[in-house]
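Coordinates as given in upload03.tsv (TSV, C-alpha atoms):
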chain	number	residue	atom	x	y	z
A	18	MET	CA	-6.00	-8.57	-44.87
A	19	LYS	CA	-4.49	-5.38	-43.41
A	20	LYS	CA	-7.97	-3.90	-43.06
A	21	LEU	CA	-9.18	-7.03	-41.25
A	22	LEU	CA	-6.26	-6.90	-38.77
A	23	LEU	CA	-6.79	-3.18	-38.20
A	24	PHE	CA	-10.50	-3.75	-37.60
A	25	ALA	CA	-9.78	-6.62	-35.17
A	26	ALA	CA	-7.30	-4.51	-33.19
A	27	LEU	CA	-9.71	-1.57	-33.06
A	28	PHE	CA	-12.58	-3.85	-32.00
A	29	ALA	CA	-10.52	-5.43	-29.23
A	30	THR	CA	-9.50	-2.02	-27.89
A	31	VAL	CA	-12.99	-0.53	-27.99
A	32	THR	CA	-14.76	-3.53	-26.48
A	33	GLY	CA	-12.21	-4.13	-23.75
A	34	PHE	CA	-10.76	-7.39	-25.01
A	35	ALA	CA	-7.31	-5.85	-25.07
A	36	GLN	CA	-5.32	-6.33	-21.89
A	37	PRO	CA	-6.66	-3.78	-19.40
A	38	GLY	CA	-4.38	-1.43	-17.50
A	39	LYS	CA	-4.34	-1.30	-13.72
A	40	LYS	CA	-7.39	0.42	-12.28
A	41	SER	CA	-5.35	2.10	-9.56
A	42	PRO	CA	-2.30	4.15	-10.48
A	43	HIS	CA	0.99	3.28	-8.82
A	44	ASP	CA	3.35	5.68	-7.16
A	45	THR	CA	6.86	5.57	-5.77
A	46	VAL	CA	7.61	8.00	-2.97
A	47	SER	CA	11.25	8.59	-2.04
A	48	TYR	CA	12.36	9.79	1.36
A	49	ALA	CA	15.67	10.34	3.15
A	50	ASN	CA	16.38	6.61	3.70
A	51	GLY	CA	14.62	4.82	0.83
A	52	LYS	CA	11.30	4.59	-0.97
A	53	VAL	CA	7.77	3.19	-0.90
A	54	THR	CA	6.02	1.77	-3.99
A	55	TYR	CA	2.26	1.25	-3.81
A	56	GLY	CA	-1.03	1.20	-5.69
A	57	ARG	CA	-3.21	4.26	-5.04
A	58	PRO	CA	-6.89	3.32	-5.07
A	59	PHE	CA	-9.66	5.92	-4.94
A	60	LYS	CA	-12.46	6.12	-2.37
A	61	ASN	CA	-15.16	6.43	-5.07
A	62	ASN	CA	-17.99	7.00	-2.55
A	63	ARG	CA	-17.19	3.74	-0.73
A	64	ASP	CA	-16.90	3.16	3.00
A	65	ILE	CA	-13.21	2.28	3.25
A	66	PHE	CA	-12.18	1.20	6.75
A	67	GLY	CA	-14.69	-1.12	8.36
A	68	GLY	CA	-16.32	-1.46	4.90
A	69	LEU	CA	-14.15	-2.22	1.87
A	70	GLU	CA	-11.16	-2.92	4.16
A	71	LYS	CA	-12.49	-4.94	7.08
A	72	TYR	CA	-11.27	-4.17	10.58
A	73	GLY	CA	-8.96	-6.84	11.96
A	74	LYS	CA	-8.02	-8.28	8.52
A	75	VAL	CA	-4.62	-8.12	6.83
A	76	TRP	CA	-4.60	-5.58	4.00
A	77	ARG	CA	-1.96	-5.09	1.29
A	78	LEU	CA	-1.83	-1.35	2.13
A	79	GLY	CA	-2.71	-0.29	-1.38
A	80	ALA	CA	-4.05	-1.84	-4.57
A	81	ASN	CA	-2.84	-4.59	-6.90
A	82	GLU	CA	0.64	-5.80	-5.88
A	83	ALA	CA	1.43	-5.55	-2.21
A	84	THR	CA	3.14	-2.33	-1.15
A	85	THR	CA	6.93	-2.38	-0.73
A	86	ILE	CA	9.18	-0.22	1.40
A	87	SER	CA	12.96	0.04	1.08
A	88	PHE	CA	15.48	1.16	3.68
A	89	ASN	CA	18.96	2.21	2.56
A	90	SER	CA	20.33	1.73	6.08
A	91	ASP	CA	19.23	-0.02	9.27
A	92	THR	CA	16.09	1.69	10.52
A	93	LYS	CA	13.92	1.94	13.61
A	94	PHE	CA	10.38	1.42	12.31
A	95	ALA	CA	8.09	2.72	15.09
A	96	GLY	CA	10.81	1.55	17.49
A	97	ALA	CA	11.36	-1.89	15.92
A	98	GLY	CA	14.83	-2.50	14.51
A	99	VAL	CA	14.76	-3.36	10.79
A	100	PRO	CA	17.87	-4.13	8.71
A	101	ALA	CA	18.51	-2.25	5.46
A	102	GLY	CA	16.61	-3.89	2.59
A	103	THR	CA	13.25	-4.06	0.83
A	104	TYR	CA	10.13	-5.43	2.47
A	105	THR	CA	6.49	-6.03	1.68
A	106	MET	CA	4.29	-3.85	3.87
A	107	PHE	CA	0.86	-4.85	5.16
A	108	ALA	CA	-1.58	-3.30	7.61
A	109	ILE	CA	-4.28	-4.58	9.92
A	110	PRO	CA	-6.61	-1.59	10.27
A	111	ASN	CA	-8.83	-1.12	13.32
A	112	GLU	CA	-10.87	1.86	14.46
A	113	THR	CA	-8.37	3.22	16.99
A	114	GLU	CA	-5.05	1.67	15.95
A	115	TRP	CA	-3.37	-0.14	13.09
A	116	THR	CA	-0.77	-2.86	13.07
A	117	ILE	CA	1.80	-2.24	10.34
A	118	ILE	CA	3.71	-5.35	9.24
A	119	LEU	CA	6.98	-5.63	7.33
A	120	ASN	CA	7.54	-8.99	5.66
A	121	SER	CA	10.67	-10.18	3.86
A	122	GLN	CA	8.80	-12.14	1.14
A	123	LEU	CA	8.76	-9.92	-1.94
A	124	GLY	CA	6.58	-10.29	-5.05
A	125	GLN	CA	3.30	-10.88	-3.23
A	126	TRP	CA	0.03	-10.01	-4.94
A	127	GLY	CA	-2.31	-8.36	-2.52
A	128	ALA	CA	-2.52	-10.05	0.87
A	129	PHE	CA	-3.61	-13.40	-0.53
A	130	GLY	CA	-0.33	-15.15	0.31
A	131	TYR	CA	0.23	-13.43	3.63
A	132	GLU	CA	-0.83	-16.37	5.83
A	133	ARG	CA	1.69	-18.75	4.25
A	134	ASN	CA	4.46	-16.11	4.49
A	135	LYS	CA	3.75	-14.56	7.89
A	136	GLU	CA	6.70	-16.40	9.47
A	137	LYS	CA	8.84	-14.00	7.37
A	138	ASN	CA	7.61	-10.95	9.27
A	139	VAL	CA	10.53	-8.79	10.38
A	140	ALA	CA	8.47	-6.18	12.25
A	141	GLU	CA	4.93	-5.71	13.56
A	142	VAL	CA	4.21	-2.33	15.11
A	143	THR	CA	1.05	-0.70	16.40
A	144	VAL	CA	0.30	2.95	15.69
A	145	PRO	CA	-2.71	5.10	16.66
A	146	VAL	CA	-5.37	6.27	14.21
A	147	THR	CA	-6.17	9.95	13.79
A	148	LYS	CA	-9.56	10.85	12.34
A	149	LEU	CA	-9.30	13.58	9.73
A	150	ASN	CA	-11.77	16.43	9.22
A	151	ASN	CA	-11.72	16.08	5.44
A	152	VAL	CA	-11.87	13.09	3.11
A	153	VAL	CA	-8.67	12.00	1.37
A	154	GLU	CA	-10.04	10.62	-1.91
A	155	GLN	CA	-6.96	8.68	-3.01
A	156	LEU	CA	-4.79	6.53	-0.75
A	157	THR	CA	-1.68	8.57	-0.01
A	158	ILE	CA	1.61	7.60	1.61
A	159	ARG	CA	3.95	10.50	2.31
A	160	PHE	CA	6.77	11.49	4.63
A	161	ASP	CA	7.02	14.59	6.77
A	162	ASP	CA	10.18	16.40	7.87
A	163	GLN	CA	10.18	14.56	11.23
A	164	ASN	CA	10.73	11.23	9.40
A	165	ASN	CA	7.18	10.01	9.92
A	166	MET	CA	5.62	7.86	7.24
A	167	ILE	CA	2.03	9.12	6.97
A	168	ILE	CA	-0.72	6.96	5.50
A	169	GLU	CA	-4.02	8.69	4.68
A	170	TRP	CA	-7.22	7.54	3.05
A	171	ASP	CA	-10.86	8.45	3.50
A	172	MET	CA	-10.95	10.18	6.89
A	173	THR	CA	-8.19	8.10	8.48
A	174	GLN	CA	-4.53	8.89	9.09
A	175	VAL	CA	-1.75	6.88	10.73
A	176	LYS	CA	1.84	7.95	11.34
A	177	VAL	CA	4.75	5.55	11.60
A	178	PRO	CA	7.87	7.17	13.10
A	179	LEU	CA	11.16	6.25	11.44
A	180	SER	CA	14.71	6.82	12.64
A	181	PHE	CA	17.91	5.88	10.84
How does the structure come out when it is put into structure tokens?
Amino acid sequence: MKKLLLFAALFATVTGFAQPGKKSPHDTVSYANGKVTYGRPFKNNRDIFGGLEKYGKVWRLGANEATTISFNSDTKFAGAGVPAGTYTMFAIPNETEWTIILNSQLGQWGAFGYERNKEKNVAEVTVPVTKLNNVVEQLTIRFDDQNNMIIEWDMTQVKVPLSF
């Protein structure tokens, strides 16, 4: 019986019947006033913006669960006042500018529930796109020493200025 159970477990693992892990790793990036938690998909030779992520459509700003951002104190998010707290973060990418959205409904999977929760938006800001000279293979969110949140993927970069 033990051999049968061992064989079944091994078979399930090898053939993929075991519960799969997330395809995109997750990361939490801390900064002076909080943190961002997001899935980090890879480009994998795909056209990202205007291709995989359609222009003008709400995107979860990462992979798997929607991205969250936390503020330890009240913050100006690209000029918009946002109270301390944790928010779901979405983006609407376009060629020359992105709209970054903070929404108070936590626990969202992707952007599938965005439409029924959009009345819970606490901020919508527009930031310009910078085209990069080199490809960023894996979606990256980072902070610079001027308190900008920088989002980079493929050959696209946006900066969201923060003040707190």
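The interatomic distance for the pair atom CA of A:Val46 and atom CA of A:Arg133 works out to 28.3 Å.
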Item to check | Exercise: A:Leu149 partners within 12 Å, all atoms listed in the file, chain neighbours under 3 positions left out, as a PyMOL selection string | outcome: chain A and resi 146+152-153+168-175
Checklist entry - Within 12 Å of (6.8, -6.9, 6.8), all atoms listed in the file: residues as a ChimeraX atom specification? => result /A:75-78,83-87,94,97-100,102-109,116-123,125,128,131,134-142
Item to check | Selected residue, from A:Ser41, A:Thr147, A:Ser47, A:Asn165, that lies nearest to A:Glu112 when counting all atoms listed in the file | outcome: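 Distance minimum relative to A:Glu112 lands on A:Thr147.
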Next on the checklist: Give me, as number ranges by chain, all polymer residues having an atom no more than 12 Å from A:Asp162, counting only C-alpha atoms and skipping those fewer than 6 positions away in the same chain.
Outcome noted: A: 48-49, 178-180
Checklist entry - Can you tell me how far atom CA of A:Asp64 sits from atom CA of A:His43, in Å to one decimal? => result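 Separation of atom CA of A:Asp64 and atom CA of A:His43: 21.4 Å.
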Next on the checklist: Just the number, please: distance in Å from atom CA of A:Glu70 to atom CA of A:Phe129, one decimal.
Outcome noted: 13.7 Å
